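A.B. asks: Just so it is clear, I am handing over upload-v5.txt, which has compact mmCIF, C-alpha atoms.
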# COMPACT_ATOMS: atom_id res chain seq x y z
CA THR T 1 122.85 104.59 106.68
CA GLN T 2 120.15 104.30 104.04
CA LEU T 3 116.82 105.95 104.77
CA LEU T 4 113.48 105.81 103.01
CA GLU T 5 111.09 108.71 103.48
CA GLN T 6 107.50 107.70 102.86
CA SER T 7 104.64 110.17 102.45
CA PRO T 8 101.99 110.90 103.35
CA GLN T 9 101.92 109.22 106.75
CA PHE T 10 98.10 109.16 106.81
CA LEU T 11 95.51 109.15 104.02
CA SER T 12 91.76 109.22 104.59
CA ILE T 13 89.71 109.19 101.40
CA GLN T 14 86.29 108.28 100.04
CA GLU T 15 85.60 105.19 97.99
CA GLY T 16 86.26 105.83 94.31
CA GLU T 17 89.01 108.42 94.79
CA ASN T 18 92.55 108.03 93.49
CA LEU T 19 95.67 108.31 95.63
CA THR T 20 99.44 108.22 95.39
CA VAL T 21 101.97 107.22 98.03
CA TYR T 22 105.60 108.31 97.64
CA CYS T 23 108.83 106.74 98.79
CA ASN T 24 112.04 108.77 98.49
CA SER T 25 115.69 108.31 99.37
CA SER T 26 119.06 109.88 98.70
CA SER T 27 120.47 106.36 98.31
CA VAL T 28 120.33 103.99 95.37
CA PHE T 29 118.57 100.68 95.88
CA SER T 30 118.94 97.58 93.75
CA SER T 31 115.25 96.86 94.24
CA LEU T 32 112.24 98.44 95.87
CA GLN T 33 109.41 96.44 97.33
CA TRP T 34 105.91 97.46 98.36
CA TYR T 35 104.09 95.65 101.16
CA ARG T 36 100.65 95.85 102.67
CA GLN T 37 100.14 95.07 106.34
CA GLU T 38 96.82 94.41 108.06
CA PRO T 39 96.39 94.83 111.85
CA GLY T 40 97.73 91.81 113.72
CA GLU T 41 99.49 90.42 110.65
CA GLY T 42 102.90 90.60 109.04
CA PRO T 43 103.61 92.55 105.84
CA VAL T 44 102.59 90.86 102.59
CA LEU T 45 104.54 91.57 99.43
CA LEU T 46 102.61 93.38 96.68
CA VAL T 47 105.35 93.95 94.11
CA THR T 48 109.09 94.20 93.56
CA VAL T 49 110.57 96.69 91.09
CA VAL T 50 114.20 96.31 90.06
CA THR T 51 114.84 98.38 86.93
CA GLY T 52 115.09 102.18 86.89
CA GLY T 53 111.97 103.62 85.22
CA GLU T 54 110.06 100.36 85.63
CA VAL T 55 106.28 100.49 85.88
CA LYS T 56 104.25 97.54 87.16
CA LYS T 57 100.50 97.26 87.34
CA LEU T 58 98.54 95.02 89.66
CA LYS T 59 94.83 95.50 88.92
CA ARG T 60 94.06 99.02 90.25
CA LEU T 61 97.57 99.48 91.71
CA THR T 62 100.40 101.02 89.67
CA PHE T 63 103.98 100.98 90.95
CA GLN T 64 106.84 103.05 89.56
CA PHE T 65 110.57 102.91 90.23
CA GLY T 66 112.45 106.14 89.60
CA ASP T 67 115.03 106.30 86.82
CA ALA T 68 117.84 106.71 89.35
CA ARG T 69 116.46 103.91 91.55
CA LYS T 70 116.18 106.29 94.53
CA ASP T 71 112.42 106.74 94.64
CA SER T 72 109.18 104.94 93.99
CA SER T 73 105.46 105.57 94.00
CA LEU T 74 102.30 103.57 94.47
CA HIS T 75 99.15 104.84 92.77
CA ILE T 76 95.72 103.37 93.51
CA THR T 77 92.86 104.07 91.15
CA ALA T 78 89.25 104.09 92.36
CA ALA T 79 90.10 103.08 95.91
CA GLN T 80 87.82 100.63 97.70
CA PRO T 81 87.27 100.00 101.43
CA GLY T 82 89.14 96.72 101.01
CA ASP T 83 92.28 98.73 100.18
CA THR T 84 92.38 100.01 103.77
CA GLY T 85 95.63 99.10 105.51
CA LEU T 86 99.24 100.04 106.15
CA TYR T 87 101.37 100.36 103.01
CA LEU T 88 105.12 100.03 103.36
CA CYS T 89 107.92 100.58 100.89
CA ALA T 90 111.19 98.74 101.47
CA GLY T 91 114.52 98.98 99.69
CA GLU T 92 117.20 96.38 99.22
CA ALA T 93 120.75 97.64 98.71
CA GLY T 94 121.94 94.78 96.53
CA GLY T 95 124.98 92.58 96.79
CA THR T 96 124.71 90.60 100.02
CA SER T 97 121.67 92.57 101.19
CA TYR T 98 119.03 89.95 100.44
CA GLY T 99 116.47 90.01 103.24
CA LYS T 100 118.03 93.05 104.90
CA LEU T 101 115.39 95.58 104.00
CA THR T 102 115.21 99.28 104.82
CA PHE T 103 111.56 100.19 105.36
CA GLY T 104 109.79 103.51 105.11
CA GLN T 105 107.63 104.69 108.01
CA GLY T 106 104.48 103.49 106.31
CA THR T 107 101.28 105.08 105.06
CA ILE T 108 98.04 104.30 106.88
CA LEU T 109 95.28 104.35 104.25
CA THR T 110 91.61 104.49 105.24
CA VAL T 111 89.01 104.25 102.49
CA HIS T 112 85.51 105.20 103.61
CA PRO T 113 82.46 103.66 101.91
CA GLU C 1 99.02 82.04 105.05
CA THR C 2 102.78 82.47 104.52
CA GLY C 3 103.99 79.25 106.13
CA VAL C 4 106.02 81.28 108.66
CA THR C 5 104.81 80.85 112.24
CA GLN C 6 105.87 82.84 115.27
CA SER C 7 105.35 82.26 118.97
CA PRO C 8 104.18 83.54 121.29
CA THR C 9 101.77 85.94 119.61
CA HIS C 10 101.58 88.23 122.63
CA LEU C 11 103.57 88.53 125.83
CA ILE C 12 104.13 90.95 128.66
CA LYS C 13 107.43 91.33 130.50
CA THR C 14 108.88 93.77 133.01
CA ARG C 15 112.01 95.87 132.70
CA GLY C 16 115.21 93.91 133.19
CA GLN C 17 113.71 90.55 132.26
CA GLN C 18 114.76 88.40 129.33
CA VAL C 19 112.60 87.14 126.48
CA THR C 20 112.89 84.48 123.77
CA LEU C 21 110.79 84.68 120.62
CA ARG C 22 110.54 81.81 118.16
CA CYS C 23 110.08 81.54 114.43
CA SER C 24 109.41 78.50 112.27
CA SER C 25 110.43 79.16 108.68
CA GLN C 26 108.71 78.08 105.52
CA SER C 27 109.95 74.69 104.31
CA GLY C 28 113.09 74.95 102.18
CA HIS C 29 114.01 78.44 103.40
CA ASN C 30 117.52 78.76 104.82
CA THR C 31 117.51 82.52 105.46
CA VAL C 32 115.66 84.21 108.30
CA SER C 33 115.61 87.92 109.06
CA TRP C 34 114.26 89.50 112.23
CA TYR C 35 112.65 92.94 112.38
CA GLN C 36 111.38 95.22 115.15
CA GLN C 37 108.27 97.28 114.38
CA ALA C 38 107.41 99.97 116.91
CA LEU C 39 103.83 101.25 116.97
CA GLY C 40 103.16 103.51 113.99
CA GLN C 41 106.54 102.82 112.38
CA GLY C 42 107.94 100.67 109.63
CA PRO C 43 109.92 97.53 110.55
CA GLN C 44 113.62 97.93 111.41
CA PHE C 45 116.14 95.23 110.52
CA ILE C 46 117.67 93.56 113.59
CA PHE C 47 119.76 90.73 112.12
CA GLN C 48 119.74 87.86 109.67
CA TYR C 49 120.75 84.22 109.91
CA TYR C 50 121.82 82.13 106.94
CA ARG C 51 122.65 78.45 107.35
CA GLU C 52 122.91 78.86 111.15
CA GLU C 53 125.39 81.77 111.00
CA GLU C 54 124.67 85.44 111.66
CA ASN C 55 124.77 87.15 108.28
CA GLY C 56 124.39 90.85 108.95
CA ARG C 57 123.12 93.01 111.76
CA GLY C 58 121.26 96.29 111.98
CA ASN C 59 121.76 99.05 114.53
CA PHE C 60 120.76 97.04 117.61
CA PRO C 61 122.80 96.48 120.79
CA PRO C 62 124.38 93.12 121.69
CA ARG C 63 121.59 92.34 124.17
CA PHE C 64 119.64 91.40 121.03
CA SER C 65 120.92 87.98 120.00
CA GLY C 66 119.71 85.09 117.92
CA LEU C 67 120.07 81.50 116.88
CA GLN C 68 119.17 79.47 113.83
CA PHE C 69 118.80 75.71 114.16
CA PRO C 70 119.59 72.91 111.66
CA ASN C 71 115.90 72.74 110.71
CA TYR C 72 116.16 76.51 109.97
CA SER C 73 113.82 77.53 112.77
CA SER C 74 115.10 80.55 114.66
CA GLU C 75 115.07 82.37 117.99
CA LEU C 76 115.42 86.01 118.94
CA ASN C 77 116.62 86.65 122.48
CA VAL C 78 116.52 90.01 124.19
CA ASN C 79 118.23 90.50 127.56
CA ALA C 80 117.79 93.29 130.11
CA LEU C 81 114.50 94.43 128.59
CA GLU C 82 113.84 98.16 128.37
CA LEU C 83 110.52 99.96 127.96
CA ASP C 84 111.49 100.96 124.38
CA ASP C 85 111.75 97.28 123.46
CA SER C 86 107.95 97.19 123.38
CA ALA C 87 107.14 96.43 119.75
CA LEU C 88 105.96 93.87 117.23
CA TYR C 89 108.81 91.49 116.39
CA LEU C 90 108.61 90.02 112.90
CA CYS C 91 110.56 87.22 111.35
CA ALA C 92 110.79 86.72 107.61
CA SER C 93 112.13 83.69 105.78
CA GLY C 94 113.44 83.30 102.28
CA ALA C 95 115.28 80.89 100.04
CA GLY C 96 118.51 82.87 100.16
CA TYR C 97 119.79 85.57 97.78
CA THR C 98 116.72 85.51 95.61
CA GLY C 99 112.98 85.40 95.76
CA GLU C 100 110.27 86.70 97.99
CA LEU C 101 110.55 87.17 101.73
CA PHE C 102 107.64 85.72 103.70
CA PHE C 103 106.76 87.36 106.99
CA GLY C 104 105.18 85.78 110.02
CA GLU C 105 102.36 87.47 111.91
CA GLY C 106 104.73 88.68 114.60
CA SER C 107 105.11 88.53 118.35
CA ARG C 108 103.74 91.55 120.21
CA LEU C 109 106.01 92.30 123.20
CA THR C 110 104.97 94.73 125.91
CA VAL C 111 107.55 95.76 128.50
CA LEU C 112 106.18 97.32 131.68
Mind turning the file's structure into structure tokens?
C.D. replies:
Amino acid sequence: TQLLEQSPQFLSIQEGENLTVYCNSSSVFSSLQWYRQEPGEGPVLLVTVVTGGEVKKLKRLTFQFGDARKDSSLHITAAQPGDTGLYLCAGEAGGTSYGKLTFGQGTILTVHP
Amino acid sequence: ETGVTQSPTHLIKTRGQQVTLRCSSQSGHNTVSWYQQALGQGPQFIFQYYREEENGRGNFPPRFSGLQFPNYSSELNVNALELDDSALYLCASGAGYTGELFFGEGSRLTVL
């Protein structure tokens, strides 16, 4: 059974601070996805990383995939109140695993004005 | 707006009852995956349907069953409801083997 450990579980920071969320596993994933989920809504895809060592940037968000494709991180620069939400990492094992994602427990981020 | 719609949005059942949740996929998507998200947790994979056939199942008992119809809409059925079945049930559709998964807003089930 593949597991994804996500940390921290909760983050409460002030506007303008930087933060990093980590996602770790002992298993190799063919791809790692990051989602953001608002209350009362389903997860919305932010990014997919597929190559070991890959770095992707989306405005103030930077995503990294570990060289061994077992871990990933999400870094937010100068957080804003609009970044508040639940952040989820999800791994796909490859092969016939399309759509069969293993999710981390999630990180609840609160950015205070 | 993902184009994936789920119904009902909220429902309350009692232990032992049965429930059917529905999902209408985005046009052109032939793959639908169902997930259970308990409060404060990440979603857990229940099963997937591809072209009306079950195509993989997570660690859920047989009382969780599903259907996919020719128009690629889908149902999740849960029999003999237990208190621990209280959760947000999410469906996600995709074009099959590639591309983004699109999640619906979920059906919030409370079992009393």
A.B. asks: Is it possible to get the residues within 10 Å of (105.4, 100.3, 86.2) (coordinates as in the file, counting all atoms listed in the file) written as a PDB file with C-alpha atoms, in the coordinates of the input?
C.D. replies:
ATOM      1  CA  VAL T  49     110.570  96.690  91.090  1.00  0.00           C
ATOM      2  CA  THR T  51     114.840  98.380  86.930  1.00  0.00           C
ATOM      3  CA  GLY T  52     115.090 102.180  86.890  1.00  0.00           C
ATOM      4  CA  GLY T  53     111.970 103.620  85.220  1.00  0.00           C
ATOM      5  CA  GLU T  54     110.060 100.360  85.630  1.00  0.00           C
ATOM      6  CA  VAL T  55     106.280 100.490  85.880  1.00  0.00           C
ATOM      7  CA  LYS T  56     104.250  97.540  87.160  1.00  0.00           C
ATOM      8  CA  LYS T  57     100.500  97.260  87.340  1.00  0.00           C
ATOM      9  CA  LEU T  58      98.540  95.020  89.660  1.00  0.00           C
ATOM     10  CA  LEU T  61      97.570  99.480  91.710  1.00  0.00           C
ATOM     11  CA  THR T  62     100.400 101.020  89.670  1.00  0.00           C
ATOM     12  CA  PHE T  63     103.980 100.980  90.950  1.00  0.00           C
ATOM     13  CA  GLN T  64     106.840 103.050  89.560  1.00  0.00           C
ATOM     14  CA  PHE T  65     110.570 102.910  90.230  1.00  0.00           C
ATOM     15  CA  GLY T  66     112.450 106.140  89.600  1.00  0.00           C
ATOM     16  CA  SER T  72     109.180 104.940  93.990  1.00  0.00           C
ATOM     17  CA  SER T  73     105.460 105.570  94.000  1.00  0.00           C
ATOM     18  CA  LEU T  74     102.300 103.570  94.470  1.00  0.00           C
TER      19      LEU T  74
END
A.B. asks: Got a sec to pull out which chain C residues are within 10 Å of chain T, counting all atoms listed in the file, and send them as a ChimeraX atom specification?
C.D. replies: /C:1-2,4,9,31-35,37,40-49,55-59,88-108
A.B. asks: Give me a file of those residues, with C-alpha atoms, as a short mmCIF file (atom, residue, chain, number, x, y, z; two decimals), in the coordinates of the input.
C.D. replies:
data_model
loop_
_atom_site.label_atom_id
_atom_site.label_comp_id
_atom_site.auth_asym_id
_atom_site.auth_seq_id
_atom_site.Cartn_x
_atom_site.Cartn_y
_atom_site.Cartn_z
CA GLU C 1 99.02 82.04 105.05
CA THR C 2 102.78 82.47 104.52
CA VAL C 4 106.02 81.28 108.66
CA THR C 9 101.77 85.94 119.61
CA THR C 31 117.51 82.52 105.46
CA VAL C 32 115.66 84.21 108.30
CA SER C 33 115.61 87.92 109.06
CA TRP C 34 114.26 89.50 112.23
CA TYR C 35 112.65 92.94 112.38
CA GLN C 37 108.27 97.28 114.38
CA GLY C 40 103.16 103.51 113.99
CA GLN C 41 106.54 102.82 112.38
CA GLY C 42 107.94 100.67 109.63
CA PRO C 43 109.92 97.53 110.55
CA GLN C 44 113.62 97.93 111.41
CA PHE C 45 116.14 95.23 110.52
CA ILE C 46 117.67 93.56 113.59
CA PHE C 47 119.76 90.73 112.12
CA GLN C 48 119.74 87.86 109.67
CA TYR C 49 120.75 84.22 109.91
CA ASN C 55 124.77 87.15 108.28
CA GLY C 56 124.39 90.85 108.95
CA ARG C 57 123.12 93.01 111.76
CA GLY C 58 121.26 96.29 111.98
CA ASN C 59 121.76 99.05 114.53
CA LEU C 88 105.96 93.87 117.23
CA TYR C 89 108.81 91.49 116.39
CA LEU C 90 108.61 90.02 112.90
CA CYS C 91 110.56 87.22 111.35
CA ALA C 92 110.79 86.72 107.61
CA SER C 93 112.13 83.69 105.78
CA GLY C 94 113.44 83.30 102.28
CA ALA C 95 115.28 80.89 100.04
CA GLY C 96 118.51 82.87 100.16
CA TYR C 97 119.79 85.57 97.78
CA THR C 98 116.72 85.51 95.61
CA GLY C 99 112.98 85.40 95.76
CA GLU C 100 110.27 86.70 97.99
CA LEU C 101 110.55 87.17 101.73
CA PHE C 102 107.64 85.72 103.70
CA PHE C 103 106.76 87.36 106.99
CA GLY C 104 105.18 85.78 110.02
CA GLU C 105 102.36 87.47 111.91
CA GLY C 106 104.73 88.68 114.60
CA SER C 107 105.11 88.53 118.35
CA ARG C 108 103.74 91.55 120.21
#
A.B. asks: State, in Å with one decimal place, the distance from CA of Val21 in chain T to CA of Gly91 in chain T.
C.D. replies: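 Distance reported for this atom pair: 15.1 Å.
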A.B. asks: Quick one: distance from CA of Val19 in chain C to CA of Gln68 in chain C in Å, one decimal?
C.D. replies: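 Here the two named atoms are 16.2 Å from each other.
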A.B. asks: Around (95.7, 110.3, 103.2) in the file's own coordinates, what residues are found within 12 Å if you use all atoms listed in the file, given back as a list of chain:residue names?
C.D. replies: T:Ser7, T:Pro8, T:Gln9, T:Phe10, T:Leu11, T:Ser12, T:Ile13, T:Gln14, T:Glu17, T:Asn18, T:Leu19, T:Thr20, T:Val21, T:Tyr22, T:Ile76, T:Ala79, T:Thr84, T:Gly85, T:Leu86, T:Tyr87, T:Gly106, T:Thr107, T:Ile108, T:Leu109, T:Thr110, T:Val111, T:His112
